[in-house]
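Colleague: File name query29.csv; file contents CSV, C-alpha atoms and all ligand atoms; full text below.
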```csv
chain,number,residue,atom,x,y,z
B,1,MET,CA,-144.8,26.3,-3.3
B,2,ASN,CA,-142.9,23.1,-2.5
B,3,ALA,CA,-144.8,19.9,-2.7
B,4,ILE,CA,-144.5,16.1,-3.1
B,5,VAL,CA,-145.7,15.3,-6.6
B,6,GLN,CA,-146.9,11.9,-7.9
B,7,HIS,CA,-146.7,11.6,-11.7
B,8,SER,CA,-147.7,7.9,-11.9
B,9,TYR,CA,-148.7,4.9,-9.8
B,10,GLY,CA,-145.8,2.9,-8.4
B,11,SER,CA,-143.4,2.7,-5.5
B,12,PRO,CA,-142.9,5.7,-3.2
B,13,ASP,CA,-139.5,6.2,-4.9
B,14,GLN,CA,-141.3,7.8,-7.9
B,15,LEU,CA,-142.5,10.7,-5.7
B,16,LYS,CA,-140.7,14.0,-6.5
B,17,PHE,CA,-140.1,17.0,-4.3
B,18,GLU,CA,-140.9,19.9,-6.7
B,19,GLU,CA,-141.9,23.5,-6.8
B,20,ILE,CA,-145.4,24.0,-8.2
B,21,ASP,CA,-148.3,26.6,-8.2
B,22,PRO,CA,-150.4,26.8,-5.1
B,23,PRO,CA,-153.9,25.4,-5.3
B,24,VAL,CA,-157.0,27.4,-6.3
B,25,VAL,CA,-159.7,27.8,-3.5
B,26,GLU,CA,-163.2,26.8,-4.4
B,27,ASP,CA,-166.2,28.6,-2.9
B,28,ASP,CA,-166.7,26.0,-0.1
B,29,GLU,CA,-163.0,25.5,0.6
B,30,VAL,CA,-160.3,26.9,2.8
B,31,LEU,CA,-156.7,27.6,1.8
B,32,VAL,CA,-154.5,26.2,4.6
B,33,ARG,CA,-150.8,27.0,5.1
B,34,VAL,CA,-149.8,23.5,6.1
B,35,HIS,CA,-147.7,23.2,9.3
B,36,ALA,CA,-148.0,19.4,9.6
B,37,ALA,CA,-149.5,16.4,7.7
B,38,SER,CA,-149.7,12.7,8.5
B,39,ILE,CA,-149.6,9.3,6.8
B,40,HIS,CA,-152.1,6.5,6.8
B,41,PRO,CA,-152.4,3.2,4.8
B,42,ASP,CA,-154.7,4.7,2.1
B,43,VAL,CA,-151.9,7.2,1.2
B,44,TRP,CA,-149.6,4.3,0.1
B,45,HIS,CA,-152.6,2.5,-1.5
B,46,VAL,CA,-153.1,5.5,-3.8
B,47,VAL,CA,-149.4,6.0,-4.4
B,48,ARG,CA,-149.1,2.4,-5.5
B,49,GLY,CA,-152.6,2.4,-7.2
B,50,LEU,CA,-153.5,-0.7,-5.3
B,51,PRO,CA,-156.0,-2.3,-5.2
B,52,TYR,CA,-156.7,-1.6,-8.9
B,53,ILE,CA,-160.3,-0.8,-8.3
B,54,LEU,CA,-159.4,2.5,-6.6
B,55,ARG,CA,-158.2,3.8,-10.0
B,56,PHE,CA,-161.9,3.5,-11.1
B,57,THR,CA,-163.5,5.0,-8.0
B,58,GLY,CA,-162.1,8.5,-8.2
B,59,ALA,CA,-158.3,8.3,-7.8
B,60,GLY,CA,-157.6,8.5,-11.5
B,61,ILE,CA,-157.4,5.7,-14.1
B,62,LEU,CA,-153.9,5.9,-15.7
B,63,LYS,CA,-152.4,8.3,-13.2
B,64,PRO,CA,-153.6,10.2,-10.1
B,65,LYS,CA,-156.1,13.0,-10.8
B,66,ASN,CA,-154.7,15.0,-8.0
B,67,PRO,CA,-150.9,14.7,-8.2
B,68,ILE,CA,-150.2,15.6,-4.6
B,69,PRO,CA,-150.7,12.8,-2.0
B,70,GLY,CA,-151.8,13.2,1.6
B,71,THR,CA,-155.2,13.8,3.2
B,72,ASP,CA,-154.6,14.8,6.8
B,73,VAL,CA,-153.4,18.3,7.8
B,74,ALA,CA,-153.1,20.9,10.5
B,75,GLY,CA,-152.2,24.4,9.7
B,76,ARG,CA,-153.3,28.1,9.6
B,77,VAL,CA,-156.1,29.5,7.4
B,78,GLU,CA,-154.6,31.7,4.7
B,79,ALA,CA,-157.8,32.5,2.7
B,80,VAL,CA,-161.4,31.3,2.6
B,81,GLY,CA,-163.8,30.6,-0.3
B,82,GLU,CA,-166.9,32.8,-0.9
B,83,ASN,CA,-169.3,30.5,0.9
B,84,VAL,CA,-167.2,29.8,4.0
B,85,THR,CA,-168.4,31.5,7.2
B,86,LYS,CA,-167.0,29.1,9.7
B,87,PHE,CA,-163.3,30.1,9.4
B,88,MET,CA,-161.3,33.2,8.7
B,89,PRO,CA,-157.7,33.9,7.8
B,90,GLY,CA,-155.4,33.3,10.8
B,91,ASP,CA,-157.5,30.5,12.4
B,92,ASP,CA,-155.6,27.3,13.3
B,93,VAL,CA,-157.4,24.2,11.9
B,94,PHE,CA,-157.0,20.5,11.4
B,95,GLY,CA,-158.9,17.8,9.5
B,96,GLU,CA,-159.1,16.0,6.1
B,97,THR,CA,-158.5,17.6,2.7
B,98,ILE,CA,-160.9,15.3,0.8
B,99,ARG,CA,-164.6,14.8,0.6
B,100,GLY,CA,-166.2,11.4,1.1
B,101,GLN,CA,-164.2,8.2,0.6
B,102,GLN,CA,-160.5,7.8,1.3
B,103,TRP,CA,-159.0,6.3,-1.9
B,104,THR,CA,-157.8,9.5,-3.5
B,105,ASN,CA,-155.0,12.0,-3.2
B,106,GLY,CA,-155.8,15.1,-1.1
B,107,GLY,CA,-152.9,17.5,-1.7
B,108,ALA,CA,-151.7,17.6,1.9
B,109,TYR,CA,-148.0,17.0,1.3
B,110,ALA,CA,-147.4,20.6,0.2
B,111,GLU,CA,-146.9,24.0,1.8
B,112,TYR,CA,-150.5,25.0,0.9
B,113,VAL,CA,-153.6,22.9,0.4
B,114,SER,CA,-157.2,23.7,-0.4
B,115,ALA,CA,-159.6,21.7,1.8
B,116,PRO,CA,-163.4,21.5,2.1
B,117,ALA,CA,-164.4,23.7,5.1
B,118,GLU,CA,-166.8,20.9,6.3
B,119,ALA,CA,-163.9,18.5,6.8
B,120,LEU,CA,-162.0,20.9,9.1
B,121,ALA,CA,-162.3,21.8,12.7
B,122,PRO,CA,-160.6,24.5,14.9
B,123,LYS,CA,-157.4,23.1,16.3
B,124,PRO,CA,-157.5,22.8,20.1
B,125,ALA,CA,-155.2,25.5,21.3
B,126,ASP,CA,-153.1,23.2,23.6
B,127,LEU,CA,-152.4,20.7,20.8
B,128,THR,CA,-149.3,21.1,18.6
B,129,PHE,CA,-149.8,21.1,14.8
B,130,GLU,CA,-147.9,17.8,14.6
B,131,ALA,CA,-150.3,16.1,17.2
B,132,ALA,CA,-153.4,17.6,15.5
B,133,ALA,CA,-152.3,16.4,12.0
B,134,ALA,CA,-151.9,12.8,13.4
B,135,VAL,CA,-155.6,12.6,14.2
B,136,PRO,CA,-158.1,13.1,11.3
B,137,THR,CA,-158.4,9.9,9.2
B,138,SER,CA,-157.2,7.4,11.8
B,139,GLY,CA,-159.4,9.1,14.5
B,140,LEU,CA,-162.4,9.2,12.2
B,141,ILE,CA,-162.1,5.5,11.3
B,142,ALA,CA,-161.7,4.6,15.0
B,143,LEU,CA,-164.7,6.7,16.0
B,144,GLN,CA,-166.8,5.1,13.2
B,145,GLY,CA,-165.9,1.6,14.4
B,146,VAL,CA,-166.2,2.1,18.1
B,147,HIS,CA,-169.0,4.7,18.4
B,148,TYR,CA,-171.1,4.8,15.2
B,149,GLN,CA,-171.0,1.1,14.2
B,150,GLY,CA,-170.0,-0.5,17.5
B,151,GLN,CA,-172.4,1.7,19.5
B,152,VAL,CA,-170.2,1.2,22.6
B,153,GLN,CA,-171.8,1.9,26.0
B,154,SER,CA,-170.3,2.6,29.4
B,155,GLY,CA,-169.4,-0.6,31.3
B,156,GLN,CA,-169.2,-2.8,28.2
B,157,THR,CA,-166.2,-5.0,27.4
B,158,VAL,CA,-164.5,-4.1,24.2
B,159,LEU,CA,-161.6,-5.9,22.4
B,160,ILE,CA,-159.5,-3.9,19.9
B,161,ASN,CA,-157.6,-6.3,17.7
B,162,GLY,CA,-154.5,-4.5,16.2
B,163,ALA,CA,-154.6,-1.9,19.1
B,164,GLY,CA,-151.0,-0.7,18.5
B,165,GLY,CA,-151.5,0.7,15.0
B,166,GLY,CA,-152.7,4.0,13.6
B,167,VAL,CA,-156.4,3.2,14.0
B,168,GLY,CA,-156.0,1.0,17.1
B,169,THR,CA,-154.3,3.5,19.3
B,170,PHE,CA,-157.3,5.9,18.8
B,171,ALA,CA,-159.8,3.1,19.1
B,172,VAL,CA,-158.5,2.1,22.5
B,173,GLN,CA,-158.7,5.6,23.8
B,174,ILE,CA,-162.1,6.3,22.3
B,175,ALA,CA,-163.6,3.1,23.8
B,176,LYS,CA,-162.1,4.1,27.2
B,177,ALA,CA,-163.5,7.6,26.8
B,178,TYR,CA,-167.0,6.1,26.4
B,179,GLY,CA,-166.5,4.2,29.6
B,180,ALA,CA,-165.7,0.7,28.3
B,181,ASP,CA,-163.4,-2.0,29.8
B,182,VAL,CA,-160.8,-2.4,27.0
B,183,THR,CA,-158.6,-5.3,25.9
B,184,GLY,CA,-155.9,-4.4,23.4
B,185,VAL,CA,-154.4,-7.1,21.2
B,186,ASP,CA,-151.1,-6.7,19.4
B,187,ARG,CA,-147.5,-8.0,19.4
B,188,ALA,CA,-145.6,-8.1,22.6
B,189,GLU,CA,-143.4,-5.0,22.1
B,190,LYS,CA,-146.5,-2.8,21.7
B,191,LEU,CA,-148.3,-3.9,24.8
B,192,ASN,CA,-146.8,-1.4,27.3
B,193,MET,CA,-147.7,1.4,24.9
B,194,ILE,CA,-151.3,0.1,24.6
B,195,GLN,CA,-151.6,0.0,28.4
B,196,SER,CA,-150.2,3.5,28.7
B,197,LEU,CA,-153.1,4.6,26.4
B,198,GLY,CA,-155.6,3.2,29.0
B,199,ALA,CA,-156.2,-0.4,28.0
B,200,ASP,CA,-157.3,-2.4,31.0
B,201,HIS,CA,-156.0,-5.7,29.6
B,202,VAL,CA,-153.6,-6.7,26.8
B,203,LEU,CA,-153.0,-9.8,24.8
B,204,ASP,CA,-149.9,-10.8,22.7
B,205,TYR,CA,-151.4,-12.1,19.4
B,206,THR,CA,-148.2,-14.2,18.8
B,207,ARG,CA,-148.9,-16.2,21.9
B,208,GLU,CA,-152.7,-16.1,22.5
B,209,ASP,CA,-155.7,-16.4,20.2
B,210,TYR,CA,-158.5,-14.4,21.6
B,211,THR,CA,-161.1,-16.3,19.6
B,212,GLN,CA,-160.1,-19.5,21.6
B,213,GLY,CA,-160.1,-17.9,25.1
B,214,ASN,CA,-162.9,-17.9,27.7
B,215,GLU,CA,-163.5,-14.1,27.7
B,216,ARG,CA,-166.6,-12.8,25.9
B,217,TYR,CA,-166.8,-9.2,24.6
B,218,ASP,CA,-169.7,-6.9,23.9
B,219,LEU,CA,-167.7,-5.4,21.0
B,220,ILE,CA,-164.8,-6.6,18.9
B,221,VAL,CA,-163.2,-4.0,16.6
B,222,ASP,CA,-161.1,-6.1,14.3
B,223,ILE,CA,-158.4,-4.0,12.5
B,224,PRO,CA,-156.1,-6.7,11.0
B,225,GLY,CA,-159.1,-9.0,10.2
B,226,ASN,CA,-156.9,-12.0,10.4
B,227,ARG,CA,-159.7,-14.3,11.6
B,228,SER,CA,-163.1,-14.9,10.1
B,229,PHE,CA,-166.3,-13.5,11.6
B,230,SER,CA,-167.4,-17.0,12.5
B,231,ALA,CA,-164.2,-17.5,14.5
B,232,CYS,CA,-164.6,-14.1,16.2
B,233,ARG,CA,-168.2,-14.6,17.2
B,234,ARG,CA,-167.0,-17.3,19.6
B,235,ALA,CA,-165.5,-14.4,21.7
B,236,LEU,CA,-168.7,-12.3,21.5
B,237,THR,CA,-171.5,-12.1,24.0
B,238,PRO,CA,-174.9,-13.1,22.5
B,239,GLU,CA,-175.8,-9.4,22.0
B,240,GLY,CA,-172.2,-8.5,21.1
B,241,LYS,CA,-171.1,-6.7,17.9
B,242,TYR,CA,-168.3,-7.4,15.5
B,243,VAL,CA,-166.9,-4.5,13.5
B,244,LEU,CA,-164.3,-5.1,10.8
B,245,ILE,CA,-161.9,-2.3,9.9
B,246,GLY,CA,-159.8,-4.4,7.5
B,247,HIS,CA,-156.1,-4.4,6.7
B,248,ASP,CA,-154.7,-4.8,3.2
B,249,HIS,CA,-151.2,-5.7,2.2
B,250,TYR,CA,-151.9,-6.7,-1.3
B,251,ASP,CA,-148.9,-8.8,-2.2
B,252,ALA,CA,-148.9,-12.0,-0.2
B,253,MET,CA,-152.7,-12.0,0.2
B,254,GLY,CA,-153.3,-11.6,-3.5
B,255,ARG,CA,-156.1,-9.0,-3.2
B,256,ARG,CA,-154.6,-6.6,-5.8
B,257,VAL,CA,-157.8,-6.1,-7.7
B,258,PHE,CA,-160.7,-5.6,-5.3
B,259,GLY,CA,-158.8,-5.4,-1.9
B,260,SER,CA,-161.1,-6.2,1.0
B,261,ILE,CA,-164.3,-5.2,-0.8
B,262,PRO,CA,-165.6,-8.8,-1.4
B,263,ARG,CA,-165.2,-9.5,2.3
B,264,PHE,CA,-167.1,-6.3,3.3
B,265,ILE,CA,-169.9,-7.2,0.8
B,266,LYS,CA,-170.2,-10.7,2.3
B,267,LEU,CA,-170.5,-9.2,5.9
B,268,MET,CA,-173.0,-6.6,4.7
B,269,LEU,CA,-175.2,-9.4,3.2
B,270,LEU,CA,-174.8,-11.5,6.4
B,271,SER,CA,-175.8,-8.5,8.5
B,272,ILE,CA,-179.3,-8.7,7.1
B,273,LYS,CA,-180.0,-11.8,9.3
B,274,GLU,CA,-177.0,-11.5,11.7
B,275,SER,CA,-177.6,-9.2,14.7
B,276,GLN,CA,-173.9,-9.4,15.8
B,277,LEU,CA,-172.9,-7.4,12.7
B,278,PRO,CA,-173.7,-3.7,12.4
B,279,GLU,CA,-176.5,-2.8,10.1
B,280,THR,CA,-175.3,-1.6,6.7
B,281,ASP,CA,-175.5,2.2,6.5
B,282,PHE,CA,-174.1,3.9,3.5
B,283,ALA,CA,-174.7,7.4,4.9
B,284,THR,CA,-171.5,8.1,6.8
B,285,PRO,CA,-172.0,10.8,9.6
B,286,PRO,CA,-171.0,14.3,8.5
B,287,LYS,CA,-167.3,14.8,9.0
B,288,ARG,CA,-167.9,18.1,10.8
B,289,ASP,CA,-169.9,16.2,13.5
B,290,SER,CA,-167.2,13.5,13.9
B,291,MET,CA,-164.4,16.1,13.9
B,292,ALA,CA,-166.2,18.0,16.7
B,293,ILE,CA,-166.4,14.8,18.8
B,294,LEU,CA,-162.7,14.1,18.2
B,295,SER,CA,-161.9,17.7,19.0
B,296,ASN,CA,-163.7,17.5,22.3
B,297,PHE,CA,-161.9,14.3,23.3
B,298,LEU,CA,-158.6,16.0,22.4
B,299,LYS,CA,-159.4,19.0,24.6
B,300,SER,CA,-160.5,16.9,27.5
B,301,GLY,CA,-157.4,14.8,27.2
B,302,ASP,CA,-159.4,11.6,26.7
B,303,ILE,CA,-157.4,11.0,23.5
B,304,THR,CA,-153.7,11.8,22.9
B,305,PRO,CA,-152.2,11.1,19.5
B,306,ASN,CA,-149.4,8.6,19.7
B,307,ILE,CA,-146.6,9.8,17.3
B,308,ASP,CA,-143.9,7.3,16.4
B,309,LYS,CA,-141.8,9.4,14.0
B,310,THR,CA,-141.7,12.7,12.3
B,311,TYR,CA,-140.2,13.4,8.8
B,312,PRO,CA,-139.6,16.6,6.9
B,313,LEU,CA,-141.7,17.2,3.7
B,314,SER,CA,-138.9,16.3,1.4
B,315,GLU,CA,-138.7,12.8,3.0
B,316,VAL,CA,-142.3,11.8,2.5
B,317,PRO,CA,-141.2,8.8,0.2
B,318,GLU,CA,-139.1,7.5,3.1
B,319,ALA,CA,-142.0,8.0,5.5
B,320,ILE,CA,-144.4,6.1,3.3
B,321,ARG,CA,-141.9,3.2,3.0
B,322,ASP,CA,-141.7,3.2,6.8
B,323,LEU,CA,-145.4,2.9,7.1
B,324,GLU,CA,-145.5,0.1,4.6
B,325,SER,CA,-142.9,-1.8,6.7
B,326,GLN,CA,-145.7,-2.3,9.3
B,327,ARG,CA,-143.4,-1.6,12.2
B,328,VAL,CA,-144.9,1.7,13.2
B,329,ARG,CA,-146.3,2.3,16.7
B,330,GLY,CA,-149.2,4.8,16.3
B,331,LYS,CA,-148.7,7.5,13.7
B,332,ILE,CA,-146.1,9.0,11.3
B,333,VAL,CA,-146.2,12.8,11.0
B,334,VAL,CA,-144.7,15.1,8.3
B,335,ASN,CA,-143.4,18.4,9.6
B,336,VAL,CA,-144.0,20.8,6.7
B,337,MET,CA,-142.6,24.0,8.3
B,338,GLY,CA,-139.4,22.4,9.7
R,1,LIG,N1,-154.9,4.5,9.8
R,1,LIG,C1,-155.7,5.1,8.9
R,1,LIG,O1,-155.9,6.3,9.0
R,1,LIG,C2,-156.4,4.3,7.9
R,1,LIG,C3,-156.8,5.0,6.7
R,1,LIG,C4,-157.5,4.3,5.8
R,1,LIG,C5,-157.7,3.0,5.9
R,1,LIG,N2,-157.2,2.3,7.0
R,1,LIG,C6,-157.5,0.9,7.1
R,1,LIG,O2,-157.3,0.4,8.4
R,1,LIG,C7,-156.2,-0.6,8.4
R,1,LIG,C8,-155.4,-0.4,9.6
R,1,LIG,O3,-154.8,0.8,9.6
R,1,LIG,P1,-153.7,1.2,10.7
R,1,LIG,O4,-153.2,2.5,10.4
R,1,LIG,O5,-154.3,0.9,12.1
R,1,LIG,O6,-152.6,0.1,10.4
R,1,LIG,P2,-151.3,-0.3,11.2
R,1,LIG,O7,-150.7,0.9,11.9
R,1,LIG,O8,-150.4,-1.2,10.4
R,1,LIG,O9,-151.9,-1.2,12.4
R,1,LIG,C9,-152.3,-2.5,12.4
R,1,LIG,C10,-151.9,-3.2,13.7
R,1,LIG,O10,-152.4,-4.5,13.7
R,1,LIG,C11,-151.3,-5.3,14.2
R,1,LIG,N3,-151.5,-6.7,13.7
R,1,LIG,C12,-151.0,-7.3,12.6
R,1,LIG,N4,-151.4,-8.6,12.6
R,1,LIG,C13,-152.1,-8.8,13.7
R,1,LIG,C14,-152.8,-9.9,14.2
R,1,LIG,N5,-152.7,-11.1,13.6
R,1,LIG,N6,-153.4,-9.8,15.4
R,1,LIG,C15,-153.4,-8.6,16.1
R,1,LIG,N7,-152.8,-7.5,15.6
R,1,LIG,C16,-152.2,-7.6,14.4
R,1,LIG,C17,-150.1,-4.7,13.6
R,1,LIG,O11,-149.0,-5.1,14.4
R,1,LIG,P3,-147.7,-5.8,13.7
R,1,LIG,O12,-147.9,-5.8,12.2
R,1,LIG,O13,-146.5,-4.9,14.1
R,1,LIG,O14,-147.6,-7.1,14.3
R,1,LIG,C18,-150.4,-3.2,13.9
R,1,LIG,O15,-150.1,-2.8,15.2
R,1,LIG,C19,-155.5,-0.3,7.1
R,1,LIG,O16,-154.8,-1.4,6.5
R,1,LIG,C20,-156.5,0.2,6.2
R,1,LIG,O17,-157.2,-0.9,5.5
R,1,LIG,C21,-156.6,3.0,8.0
```
Please go through the file and, once you have read it, give me the structure as structure tokens.
Ligand SMILES: NC(=O)c1ccc[n+]([C@@H]2O[C@H](COP(=O)([O-])OP(=O)(O)OC[C@H]3O[C@@H](n4cnc5c(N)ncnc54)[C@H](OP(=O)(O)O)[C@@H]3O)[C@@H](O)[C@H]2O)c1

Modeller:
Amino acid sequence: MNAIVQHSYGSPDQLKFEEIDPPVVEDDEVLVRVHAASIHPDVWHVVRGLPYILRFTGAGILKPKNPIPGTDVAGRVEAVGENVTKFMPGDDVFGETIRGQQWTNGGAYAEYVSAPAEALAPKPADLTFEAAAAVPTSGLIALQGVHYQGQVQSGQTVLINGAGGGVGTFAVQIAKAYGADVTGVDRAEKLNMIQSLGADHVLDYTREDYTQGNERYDLIVDIPGNRSFSACRRALTPEGKYVLIGHDHYDAMGRRVFGSIPRFIKLMLLSIKESQLPETDFATPPKRDSMAILSNFLKSGDITPNIDKTYPLSEVPEAIRDLESQRVRGKIVVNVMG
């Protein structure tokens, strides 16, 4: 099969478009003929091997254990492992190709990938493969922030900082789907798009600092994390919650070794006495439950993926460079069949 192969850590230029053997299917896995895949920041983190700690948490110490990047797919089931009862050949599916944490290659940038059945869901019939591939990781992170950690309720006021990016575009729509009044914060040229996703109010971060305004929010989902928790809490109601997603560009910020981990540990410790921070819970909800929630929102039309650009499989290095440029509105998709 054709695939994008990563032989070492480094710039996206070292990725090669090669012909290799298709993957082996384990008992609890599904072999998917990939129609479309998508790109998110952890893809380029693993391509570059930054922050360095990811090399010791499963990605591979000297070079990636799995040489094919990509973790989000939509495609057609080709074969199923012995223990898989949920899917059969011919089913259209979408989801993640990895178990657990994100900092590892998942093999999605290839014509075939073997994915754990529990991380896949049936693709809604009305959704294209491209749109479905745009959803999994960004949608799961947004759902985690807004629903599981933020515990958003109907009628609450929610501020999404970084609303125009991969996670933010889903977070706005998920908060609206749960009945919240939503304010989206991003740069001016993304604000119309954020309103079109359903945001009730928008703020241009280059002109206004929401932590200095008079509005108070029941939930702040902070994607860029450009202000401290103590600054953000000024914009929270007394019972409000602050959820940090975190955004790492390791060069200028000098967080090449541990990334945002020290900041998350600090917030976890603070959450012991601070009710405005979500309680630490290391048990993430099962992916199949979260994928089912996202799937229902897609079917009802409550969320629609916002695709900025589509690239062919052979141009994945270009697509990753594009994402790194930080000028993307929503998601970048890879069309594997085209
Ligand atoms: N998306 C995923 O699936 C995924 C996967 C794994 C991890 N993550 C984590 O989540 C983070 C965000 O991912 P993403 O895909 O949403 O990134 P993204 O697409 O780059 O979105 C970040 C958004 O925040 C905006 N922004 C930057 N500085 C801001 C500021 N000071 N105030 C308000 N908005 C600001 C950016 O706009 P401009 O830069 O154009 O101004 C952009 O629209 C990643 O860095 C990563 O740590 C995401």

Colleague: Find the spatial neighbours of Gly70 of chain B, counting only C-alpha atoms, within a cut-off of 7 Å - ignore same-chain residues fewer than 2 positions away - and output them as a list in words.

Modeller: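 Contacts, in chain order: Ile39, Val43, Ile68, Asp72, Asn105, Gly106, Gly107, Ala108 and Tyr109 of chain B.
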
Colleague: With only C-alpha atoms as the basis for distance, which of B:Ala74, B:Val30, B:Arg255, B:Arg187 is at the shortest distance from Met88 of chain B?

Modeller: B:Val30

Colleague: Ligand LIG 1 (chain R): which residues are within 8 Å, counting all atoms listed in the file? Reply as a ChimeraX atom specification.

Modeller: /B:39-43,102,136-141,161-169,185-187,190,204-206,223-227,245-249,260,323-324,326-331

Colleague: Considering only C-alpha atoms, can you say which of B:Ala110, B:Ala180, B:Leu298, B:Ala132 comes closest to His201 of chain B?

Modeller: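 Under the stated criterion, the closest residue is B:Ala180.
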
Colleague: For segment 261-276 of chain B, work out the shell of residues within 6 Å, counting all atoms listed in the file and skipping chain neighbours fewer than 4 positions away, then give it as a list in words.

Modeller: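 Once the nearby chain positions are removed, what remains is Gly240, Lys241, Tyr242 and Thr280 of chain B.
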
Colleague: Give me, as number ranges by chain, all polymer residues having an atom no more than 10 Å from segment 57-65 of chain B, counting all atoms listed in the file and skipping those fewer than 2 positions away in the same chain.

Modeller: B: 6-10, 46-47, 49, 52-55, 67-69, 101-106

Colleague: Determine, for each residue of segment 211-312 of chain B having at least one atom at most 10 Å from an atom of segment 117-128 of chain B, the closest pair of atoms and their separation in Å to one decimal, counting only C-alpha atoms; order by chain and ascending number, as JSON lines.

Modeller:
```
{"residue": "B:Pro286", "atom": "CA", "partner": "B:Glu118", "partner_atom": "CA", "distance": 8.1}
{"residue": "B:Lys287", "atom": "CA", "partner": "B:Ala119", "partner_atom": "CA", "distance": 5.5}
{"residue": "B:Arg288", "atom": "CA", "partner": "B:Glu118", "partner_atom": "CA", "distance": 5.4}
{"residue": "B:Asp289", "atom": "CA", "partner": "B:Glu118", "partner_atom": "CA", "distance": 9.1}
{"residue": "B:Ser290", "atom": "CA", "partner": "B:Ala119", "partner_atom": "CA", "distance": 9.3}
{"residue": "B:Met291", "atom": "CA", "partner": "B:Ala121", "partner_atom": "CA", "distance": 6.2}
{"residue": "B:Ala292", "atom": "CA", "partner": "B:Ala121", "partner_atom": "CA", "distance": 6.8}
{"residue": "B:Leu294", "atom": "CA", "partner": "B:Ala121", "partner_atom": "CA", "distance": 9.5}
{"residue": "B:Ser295", "atom": "CA", "partner": "B:Pro124", "partner_atom": "CA", "distance": 6.8}
{"residue": "B:Asn296", "atom": "CA", "partner": "B:Pro124", "partner_atom": "CA", "distance": 8.4}
{"residue": "B:Leu298", "atom": "CA", "partner": "B:Pro124", "partner_atom": "CA", "distance": 7.3}
{"residue": "B:Lys299", "atom": "CA", "partner": "B:Pro124", "partner_atom": "CA", "distance": 6.2}
{"residue": "B:Ser300", "atom": "CA", "partner": "B:Pro124", "partner_atom": "CA", "distance": 9.9}
{"residue": "B:Thr304", "atom": "CA", "partner": "B:Leu127", "partner_atom": "CA", "distance": 9.2}
{"residue": "B:Pro305", "atom": "CA", "partner": "B:Leu127", "partner_atom": "CA", "distance": 9.7}
```

Colleague: Which one of B:Asp21, B:Glu208, B:Asp181, B:Asp27 sits closest to Gln153 of chain B if you count all atoms listed in the file?

Modeller: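 Of all the options, B:Asp181 lies closest to Gln153 of chain B.
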
Colleague: Could you please determine the separation between atom CA of Arg233 of chain B and atom CA of Gln173 of chain B in Å, to one decimal place?

Modeller: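 We find that atom CA of Arg233 of chain B and atom CA of Gln173 of chain B lie 23.3 Å from each other.
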
Colleague: Within 6 Å of Ala37 of chain B, counting only C-alpha atoms, which residues show up once you throw out same-chain ones fewer than 3 positions away? Write them as a list in words, please.

Modeller: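 Counting only the stated atoms, we get Asp72, Val73, Ala133, Val333 and Val334 of chain B.
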
Colleague: Rank nothing, just name the residue among B:Ala142, B:Val336, B:Glu82, B:Leu191 nearest to Met1 of chain B, using all atoms listed in the file.

Modeller: B:Val336

Colleague: From the list B:Ser114, B:Ser325, B:Thr284, B:Asn66, which residue is nearest Trp44 of chain B when using all atoms listed in the file?

Modeller: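 Ranking B:Ser114, B:Ser325, B:Thr284, B:Asn66 by distance to Trp44 of chain B, first place goes to B:Ser325.
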
Colleague: What's the separation between atom CA of Glu279 of chain B and atom CA of Ile160 of chain B, in Å to one decimal place?

Modeller: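 Here the two named atoms are 19.7 Å from each other.
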
Colleague: Hey, which of B:Leu143, B:Leu219, B:Ile332, B:Val24 ends up closest to Leu277 of chain B? Count only C-alpha atoms.

Modeller: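 Among the listed residues, B:Leu219 lies closest to Leu277 of chain B.
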
Colleague: With a distance cut-off of 8 Å and all atoms listed in the file, select the neighbouring residues of Arg76 of chain B, excluding the residue or stretch itself and same-chain residues fewer than 4 positions from it, and output the selection as a PyMOL selection string.

Modeller: chain B and resi 32-35+89-93

Colleague: Please measure the separation of atom CA of Thr183 of chain B and atom CA of Gln195 of chain B, giving the value in Å to one decimal.

Modeller: 9.1 Å

Colleague: Need the neighbours of (-164.4, -6.6, 20.1): which residues are at most 10 Å away, counting all atoms listed in the file, as a PyMOL selection string?

Modeller: chain B and resi 146+150+157-161+182-184+210+216-222+232-233+235-237+240-244
